[in-house]
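**Q** Just passing along the structure, written as structure tokens.
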Protein chains: 4
Amino acid sequence: MDTEVPLTTSPDMQSCSVEPLLEPDGYPLAGRSRIRADTVIQLPSLQMGDGGFAIIAGPCAIESYEQFRETVIALKALGIRLIRGGAFKPRTSPYSFQGLHHEGLAIIAQVKAETGLAFVTELMSPELVEDVVAVADAVQIGSRNMQNFPLLRAAGHLSKPVLLKRGFGNTLHELLMAAEYVMNEGNEQVMLCERGIRTFDPAQRNTLDLMAAPILKSVTHLPVIVDPSHALGKREFVPAAIKAALAVGADGVLVEVHPQPEAALVDGRQSITPETLSLLLAELRGLADVLGREIF
Amino acid sequence: MDTEVPLTTSPDMQSCSVEPLLEPDGYPLAGRSRIRADTVIQLPSLQMGDGGFAIIAGPCAIESYEQFRETVIALKALGIRLIRGGAFKPRTSPYSFQGLHHEGLAIIAQVKAETGLAFVTELMSPELVEDVVAVADAVQIGSRNMQNFPLLRAAGHLSKPVLLKRGFGNTLHELLMAAEYVMNEGNEQVMLCERGIRTFDPAQRNTLDLMAAPILKSVTHLPVIVDPSHALGKREFVPAAIKAALAVGADGVLVEVHPQPEAALVDGRQSITPETLSLLLAELRGLADVLGREIF
Amino acid sequence: MDTEVPLTTSPDMQSCSVEPLLEPDGYPLAGRSRIRADTVIQLPSLQMGDGGFAIIAGPCAIESYEQFRETVIALKALGIRLIRGGAFKPRTSPYSFQGLHHEGLAIIAQVKAETGLAFVTELMSPELVEDVVAVADAVQIGSRNMQNFPLLRAAGHLSKPVLLKRGFGNTLHELLMAAEYVMNEGNEQVMLCERGIRTFDPAQRNTLDLMAAPILKSVTHLPVIVDPSHALGKREFVPAAIKAALAVGADGVLVEVHPQPEAALVDGRQSITPETLSLLLAELRGLADVLGREIF
Amino acid sequence: MDTEVPLTTSPDMQSCSVEPLLEPDGYPLAGRSRIRADTVIQLPSLQMGDGGFAIIAGPCAIESYEQFRETVIALKALGIRLIRGGAFKPRTSPYSFQGLHHEGLAIIAQVKAETGLAFVTELMSPELVEDVVAVADAVQIGSRNMQNFPLLRAAGHLSKPVLLKRGFGNTLHELLMAAEYVMNEGNEQVMLCERGIRTFDPAQRNTLDLMAAPILKSVTHLPVIVDPSHALGKREFVPAAIKAALAVGADGVLVEVHPQPEAALVDGRQSITPETLSLLLAELRGLADVLGREIF
């Protein structure tokens, strides 16, 4: 066999036991030392990262055509342009509801045709790339897959934006390095998403790390959004978290909305209604005015 | 000896290995099931918890009469009514600067006489109660002392408000129970303060748990404030955190301000200047208007 | 489209915000309520889970044919029967050494032919299943992939044992549920591996949770092993951790061994030498005698 | 006022946002760079830190003269020489059983007179120093008081050994610095005690950090012991943890023993019986023989 393995022994090959400090020049592609201006993500219906504050809303999981269509129409009426909805749901237990799978993708396609909005949904596996990209305008990498490196590389070959969620057990340094995996394959349309981390306090399901947004944005030119719903686990705290996300300078939020939360198959306890979102949007527009920003 | 110990074996005596859920009726004195209206803390210069958003500002440590006086005068010019400043500083190392001690209390007294503002400073030990209360309008219990129960009981006998900081390794449940220790001795003028918790991510010195404010306020009638300075460790992120504290519904903030942060003896890296605070206050007033609140 | 989605609304579909208690009947396949006797994993060279204490040793990464062959021969001389060695290495940074990939698999095949020992190596992606299984006697699922559910399902279709590492941000409940994913596809030959978790203390790279072994074994019939090397990050603490793994009742350990640790491409700082392992084995055999167990 | 404050601006006065690495020369009094030989703690009935493995046993709380006397006599019969027992119990809730206080100290005195053993009990407040020292042979500083600096200084003036427990939210660096506070006042008879830390996994009440023992001992000459009972929360895992503490090189353990655990007022679920301890001691003696150590 060929034992002439072309190895170099550069410092890059050494493992590092101390977490590096977050510095703009620590990330060749995602760091601000290369590109100082903010990256703007182009979606059919809106831009992310151009100074505006984007509301990405929708149900946690797509449960049926009727449920999803009703939700999306209600959101469209509120001016929401980018819809979230899970067809493939990673779940801790193999015995929990895992989403409608290809059925869910078909529902997205149908509701998209009817409403003309843009949609983001999760990609759980490289072999699903074609099916997901056929309907999604942006592709989500979930928290549990933030260090699924083959999946990150696959996302790096897409021509559509990637919404990369922070792992609940991962540092901001690792989130930025995960973005490097995607970008290093050629796809520089990456949005980072804080969604709560594991801590010792059970008061939240995960502790929402709101300051991650300004800290990340000081280091990277990529847009940073916040997903408060799952971390908080209770809908009554979601509006406060969204206002805080605006206040700390995030580029947008991902929020779970369900017309009848108490009937949701997954995570209904944390979903707000379109009515609550409507009231919140009015308040957000007032706050955004003061901050010289726009809600959309 | 008398072995007739009057013990009862009620469930209260049993240890609990599962952290209780945060429920308003879990806290006899601090919980909303007893008092549903918000507690308003009376200070000479302002009220806390009446719907307004209070800015408590000042240096981390009192370093000299000149430094403290200059800072307080600058803060007074900005409309700040309650000043923070440490005379006794708990430090990890016995070899670090521990504050000016009684000298620091004397400086507070002098600057108070000159400016007529109100002052909050830390009480580290029950035997210092008289000396601290002689000059302080409110008494701070520091993060490391949140479960120093003799100190909490001593604070419970004061006739002045207590600013109780969350321990960096403590849950919100424990913070509320610490408030019960103070209130159970008779002093119901307690403010709770989130100041960052320990997590695995070194991106912040401690992870600021901004959502602690609305979560606490849903359970307790006590005012809740946020201290972002120490957790963030870098002054450039402090204004964003203060705007977020307003957005999530906190009753105020504690913020480290130093005229020459680079010359500060303790924690200069995280102190903002009076100039930065002035710009921030203008922005906060605009945001507060939208939220129907007032900054003071 | 077909909107007659066959959904049931059983409790299984609801999300759970409170981590379930670890109970034997919480895990249909992995729990002791179904199978009370310990599962014994059959490998060509040894059994795991039969009461013995297995030493699985080898380099973190396969760097070259010579390095790997030298290491394996030294280990064989010490009586080691199961060798670890990474061909595909998940790394935080895309710019770090990622392993020799198929070259590494070829090296395993060659050294296996020469030594007749059994080998375990990591499977990072379902499309590599055939290549990895062609040379490996057992397949490792790495810490970052513990909740990569498509990969777990793929491992569930193998006819070879799976060594499932705990995610550094995952609970023991989630580890057991990950085993359910594998077992639910038909492969019941699963070994669980504790390898350190994320905590606030940087004294260890990850905090080794040694008590996970007896806690898991009280709930599950699957074998449980401990991998101390990466968590500790320093080789001088590895022997103590291995003795402790024996003492707490683990079924074995995974340990990084390198003939010249200081020249290792990955994680040399935590690798012990064959000489150290030899001394440790003598001590382990004495301890195992007392405990009525056998080292192999 | 005198504003001539004698301040120097040495680096010691600066705050440090990055946790220092654990190095022997980082701790002027506790570090091995000053004293390379292990400190041996002298107690009336035994030595700690001389290479032996000490079993410090007793009930969590002293509940009555009869309960305590019965426990101590059973422990004496097993050869235990140092007894633990709490008279003052720090509790999260002010409404939980707080110990028998001075009644508990009187019970210790009486049982000490009857049995001639040595006793360690907790000191919660500097004003109790005289009362506690009058009966205790060693003084415990509890987990919640690890950074109660006035209490540490008070302990530094004692002529009796101090058993310093790690805070559940504190790093090993901070534990060593807490020892410096005690030693800097003149008392160099300090034992460090690992007792579990806060993590995200509720499988243990606190995650027992067994590797803290060898890591601490590589840096400090002070004895290090392990208290597994409270962290584990379940008695069935306690023997495994004690064997592991021996295996990793700790100098001893603190273990909760109660003749009728199910009737204990505090933490009965985690207390082992004298019968269990007896069986464990036999096994420990066998293991200690192999390791060239002695159990006492």
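Quick note on naming: the chains in the structure tokens go A, B, ... in the order shown, residues restart at 1 in each chain, and ligands are numbered from 1 in order of appearance.
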Restrict the calculation to only C-alpha atoms, then for each residue of chain C with any atom at most 10 Å from an atom of chain B give the closest atom pair and their distance in Å to one decimal, rows by chain and rising residue number, as CSV.
**A**
```
residue,atom,partner,partner_atom,distance
C:Val18,CA,B:Leu21,CA,9.7
C:Leu21,CA,B:Val18,CA,9.7
C:Gly169,CA,B:Phe200,CA,9.5
C:Ile197,CA,B:Phe200,CA,9.5
C:Arg198,CA,B:Phe200,CA,5.8
C:Thr199,CA,B:Phe200,CA,4.9
C:Phe200,CA,B:Phe200,CA,4.5
C:Asp201,CA,B:Phe200,CA,7.5
C:Pro202,CA,B:Phe200,CA,8.5
C:Asn206,CA,B:Phe200,CA,9.4
```
**Q** Please return, as a PyMOL selection string, all residues of range 15-220 of chain D that DSSP assigns to helix (DSSP H, G or I) on the basis of the backbone.
**A** chain D and resi 24-26+65-77+102-115+126-135+143-145+149-155+172-184+212-219
**Q** Would you save the residues from that selection as a PDB file, in the first residue's frame, using C-alpha atoms?
**A**
```
ATOM      1  CA  PRO D  24       1.708  24.923  41.027  1.00  0.00           C
ATOM      2  CA  ASP D  25       3.228  28.397  41.145  1.00  0.00           C
ATOM      3  CA  GLY D  26      -0.139  30.128  40.902  1.00  0.00           C
ATOM      4  CA  TYR D  65     -28.736  12.326  70.913  1.00  0.00           C
ATOM      5  CA  GLU D  66     -29.971   8.767  70.389  1.00  0.00           C
ATOM      6  CA  GLN D  67     -29.667   8.841  66.619  1.00  0.00           C
ATOM      7  CA  PHE D  68     -26.202  10.363  66.699  1.00  0.00           C
ATOM      8  CA  ARG D  69     -24.888   8.136  69.487  1.00  0.00           C
ATOM      9  CA  GLU D  70     -26.185   4.983  67.809  1.00  0.00           C
ATOM     10  CA  THR D  71     -24.570   5.984  64.513  1.00  0.00           C
ATOM     11  CA  VAL D  72     -21.232   6.861  66.075  1.00  0.00           C
ATOM     12  CA  ILE D  73     -21.056   3.656  68.093  1.00  0.00           C
ATOM     13  CA  ALA D  74     -21.779   1.636  64.966  1.00  0.00           C
ATOM     14  CA  LEU D  75     -19.078   3.552  63.076  1.00  0.00           C
ATOM     15  CA  LYS D  76     -16.565   3.118  65.908  1.00  0.00           C
ATOM     16  CA  ALA D  77     -17.175  -0.609  65.731  1.00  0.00           C
ATOM     17  CA  HIS D 102     -26.309  24.632  69.823  1.00  0.00           C
ATOM     18  CA  GLU D 103     -28.299  21.586  70.859  1.00  0.00           C
ATOM     19  CA  GLY D 104     -26.449  19.725  68.102  1.00  0.00           C
ATOM     20  CA  LEU D 105     -23.092  20.952  69.357  1.00  0.00           C
ATOM     21  CA  ALA D 106     -23.977  19.707  72.837  1.00  0.00           C
ATOM     22  CA  ILE D 107     -24.842  16.300  71.414  1.00  0.00           C
ATOM     23  CA  ILE D 108     -21.463  16.162  69.658  1.00  0.00           C
ATOM     24  CA  ALA D 109     -19.726  17.011  72.942  1.00  0.00           C
ATOM     25  CA  GLN D 110     -21.560  14.295  74.796  1.00  0.00           C
ATOM     26  CA  VAL D 111     -20.987  11.576  72.185  1.00  0.00           C
ATOM     27  CA  LYS D 112     -17.362  12.622  71.922  1.00  0.00           C
ATOM     28  CA  ALA D 113     -16.929  12.185  75.645  1.00  0.00           C
ATOM     29  CA  GLU D 114     -18.496   8.738  75.437  1.00  0.00           C
ATOM     30  CA  THR D 115     -16.632   7.449  72.388  1.00  0.00           C
ATOM     31  CA  PRO D 126     -17.638  33.811  62.267  1.00  0.00           C
ATOM     32  CA  GLU D 127     -19.566  34.566  65.475  1.00  0.00           C
ATOM     33  CA  LEU D 128     -20.022  30.832  66.053  1.00  0.00           C
ATOM     34  CA  VAL D 129     -16.285  30.140  65.952  1.00  0.00           C
ATOM     35  CA  GLU D 130     -15.838  29.735  69.695  1.00  0.00           C
ATOM     36  CA  ASP D 131     -18.818  27.479  70.153  1.00  0.00           C
ATOM     37  CA  VAL D 132     -17.922  25.225  67.220  1.00  0.00           C
ATOM     38  CA  VAL D 133     -14.227  25.026  68.046  1.00  0.00           C
ATOM     39  CA  ALA D 134     -15.082  24.061  71.631  1.00  0.00           C
ATOM     40  CA  VAL D 135     -16.402  20.715  70.422  1.00  0.00           C
ATOM     41  CA  SER D 143     -20.050  24.544  49.650  1.00  0.00           C
ATOM     42  CA  ARG D 144     -22.193  27.705  49.706  1.00  0.00           C
ATOM     43  CA  ASN D 145     -19.585  29.471  51.840  1.00  0.00           C
ATOM     44  CA  PHE D 149     -14.255  35.553  52.560  1.00  0.00           C
ATOM     45  CA  PRO D 150     -14.828  36.861  56.120  1.00  0.00           C
ATOM     46  CA  LEU D 151     -15.609  33.281  57.150  1.00  0.00           C
ATOM     47  CA  LEU D 152     -12.480  32.003  55.406  1.00  0.00           C
ATOM     48  CA  ARG D 153     -10.381  34.593  57.233  1.00  0.00           C
ATOM     49  CA  ALA D 154     -11.983  33.575  60.537  1.00  0.00           C
ATOM     50  CA  ALA D 155     -11.093  29.954  59.785  1.00  0.00           C
ATOM     51  CA  LEU D 172     -10.750  24.339  41.058  1.00  0.00           C
ATOM     52  CA  HIS D 173      -8.791  27.555  40.678  1.00  0.00           C
ATOM     53  CA  GLU D 174     -11.258  29.311  42.969  1.00  0.00           C
ATOM     54  CA  LEU D 175     -11.106  26.444  45.477  1.00  0.00           C
ATOM     55  CA  LEU D 176      -7.343  26.829  45.673  1.00  0.00           C
ATOM     56  CA  MET D 177      -7.693  30.589  46.062  1.00  0.00           C
ATOM     57  CA  ALA D 178     -10.193  30.020  48.882  1.00  0.00           C
ATOM     58  CA  ALA D 179      -7.528  27.890  50.589  1.00  0.00           C
ATOM     59  CA  GLU D 180      -5.117  30.789  50.154  1.00  0.00           C
ATOM     60  CA  TYR D 181      -7.539  33.006  52.105  1.00  0.00           C
ATOM     61  CA  VAL D 182      -7.432  30.586  55.048  1.00  0.00           C
ATOM     62  CA  MET D 183      -3.705  29.951  54.879  1.00  0.00           C
ATOM     63  CA  ASN D 184      -2.849  33.608  54.459  1.00  0.00           C
ATOM     64  CA  ALA D 212     -10.688  16.960  40.619  1.00  0.00           C
ATOM     65  CA  ALA D 213      -8.721  14.932  43.179  1.00  0.00           C
ATOM     66  CA  PRO D 214      -5.674  14.031  41.058  1.00  0.00           C
ATOM     67  CA  ILE D 215      -5.777  17.380  39.258  1.00  0.00           C
ATOM     68  CA  LEU D 216      -5.741  19.278  42.556  1.00  0.00           C
ATOM     69  CA  LYS D 217      -3.042  17.047  44.000  1.00  0.00           C
ATOM     70  CA  SER D 218      -0.785  17.759  41.016  1.00  0.00           C
ATOM     71  CA  VAL D 219      -0.940  21.463  41.903  1.00  0.00           C
TER      72      VAL D 219
END
```
**Q** Just list the residues in range 72-233 of chain D DSSP gives strand (DSSP E or B) on the backbone, as a PyMOL selection string.
**A** chain D and resi 82-84+86+118-122+138-141+162-165+190-194+197+207+220+224-226
**Q** May I have the residues from that selection written out with C-alpha atoms, as a PDB file, in the first residue's frame?
**A**
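Written out: selection.pdb:
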```pdb
ATOM      1  CA  LEU D  82     -13.348  10.721  62.392  1.00  0.00           C
ATOM      2  CA  ILE D  83     -17.066  11.478  62.524  1.00  0.00           C
ATOM      3  CA  ARG D  84     -19.048  14.009  60.530  1.00  0.00           C
ATOM      4  CA  GLY D  86     -24.068  18.748  61.055  1.00  0.00           C
ATOM      5  CA  ALA D 118     -12.746  12.937  66.609  1.00  0.00           C
ATOM      6  CA  PHE D 119     -15.481  15.082  65.074  1.00  0.00           C
ATOM      7  CA  VAL D 120     -15.830  17.517  62.196  1.00  0.00           C
ATOM      8  CA  THR D 121     -18.805  19.868  61.926  1.00  0.00           C
ATOM      9  CA  GLU D 122     -19.723  22.904  59.889  1.00  0.00           C
ATOM     10  CA  ALA D 138     -11.878  19.998  62.564  1.00  0.00           C
ATOM     11  CA  VAL D 139     -14.103  22.693  61.120  1.00  0.00           C
ATOM     12  CA  GLN D 140     -15.985  22.361  57.864  1.00  0.00           C
ATOM     13  CA  ILE D 141     -16.615  25.290  55.521  1.00  0.00           C
ATOM     14  CA  VAL D 162     -10.268  23.275  58.134  1.00  0.00           C
ATOM     15  CA  LEU D 163     -12.188  21.030  55.752  1.00  0.00           C
ATOM     16  CA  LEU D 164     -12.953  23.332  52.820  1.00  0.00           C
ATOM     17  CA  LYS D 165     -15.685  22.174  50.458  1.00  0.00           C
ATOM     18  CA  VAL D 190      -6.507  22.882  55.171  1.00  0.00           C
ATOM     19  CA  MET D 191      -8.147  19.876  53.481  1.00  0.00           C
ATOM     20  CA  LEU D 192      -9.890  20.395  50.138  1.00  0.00           C
ATOM     21  CA  CYS D 193     -13.112  18.533  49.396  1.00  0.00           C
ATOM     22  CA  GLU D 194     -14.737  17.867  46.013  1.00  0.00           C
ATOM     23  CA  ILE D 197     -20.640  20.624  40.585  1.00  0.00           C
ATOM     24  CA  THR D 207     -22.053  15.949  38.846  1.00  0.00           C
ATOM     25  CA  THR D 220      -1.228  21.556  45.702  1.00  0.00           C
ATOM     26  CA  VAL D 224      -7.909  16.290  48.918  1.00  0.00           C
ATOM     27  CA  ILE D 225     -10.989  14.303  49.838  1.00  0.00           C
ATOM     28  CA  VAL D 226     -14.240  13.489  48.055  1.00  0.00           C
TER      29      VAL D 226
END
```
**Q** Quick one: everything within 10 Å of Pro261 in chain A, counting only C-alpha atoms, minus sequence neighbours fewer than 6 positions away in the same chain. Send it as number ranges by chain.
**A** A: 59, 235, 267-273
**Q** Kindly export the residues of the current selection with N, CA and C atoms, as a CSV table (one decimal), in the first residue's frame.
**A**
```
chain,number,residue,atom,x,y,z
A,59,PRO,N,-45.1,27.4,12.0
A,59,PRO,CA,-45.2,26.3,13.0
A,59,PRO,C,-43.9,25.6,13.2
A,235,ARG,N,-44.9,30.2,25.9
A,235,ARG,CA,-45.1,31.3,24.9
A,235,ARG,C,-45.2,32.7,25.6
A,267,ASP,N,-44.5,20.9,20.6
A,267,ASP,CA,-44.1,22.2,21.1
A,267,ASP,C,-45.2,23.2,21.1
A,268,GLY,N,-46.4,22.9,21.3
A,268,GLY,CA,-47.5,23.9,21.3
A,268,GLY,C,-47.3,24.8,22.5
A,269,ARG,N,-46.8,24.4,23.6
A,269,ARG,CA,-46.7,25.2,24.7
A,269,ARG,C,-45.9,26.5,24.5
A,270,GLN,N,-45.0,26.4,23.5
A,270,GLN,CA,-44.1,27.6,23.2
A,270,GLN,C,-44.5,28.4,22.0
A,271,SER,N,-45.6,28.0,21.3
A,271,SER,CA,-46.0,28.7,20.1
A,271,SER,C,-46.9,29.9,20.5
A,272,ILE,N,-46.7,31.0,19.8
A,272,ILE,CA,-47.6,32.1,20.0
A,272,ILE,C,-48.7,32.1,18.9
A,273,THR,N,-49.7,32.8,19.0
A,273,THR,CA,-50.8,32.9,18.0
A,273,THR,C,-50.5,34.0,17.1
```
**Q** Would you mind reading off the distance between CA of Ala244 in chain B and CA of Val40 in chain B, one decimal, in Å?
**A** 21.9 Å
**Q** May I ask for the distance between CA of Pro90 in chain D and CA of Asp227 in chain D, given in Å to one decimal place?
**A**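 The value is 16.4 Å.
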**Q** Near range 54-58 of chain D, counting only C-alpha atoms, which residues have an atom at most 8 Å away, once you skip same-chain residues fewer than 2 positions from it, shown as a PyMOL selection string?
**A** chain D and resi 48+52+60+71-72+75+80-85+251-258+295-296
**Q** So what do you get for CA of Leu287 in chain D versus CA of Ala282 in chain C, distance-wise?
**A**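 These atoms are spaced 13.4 Å apart.
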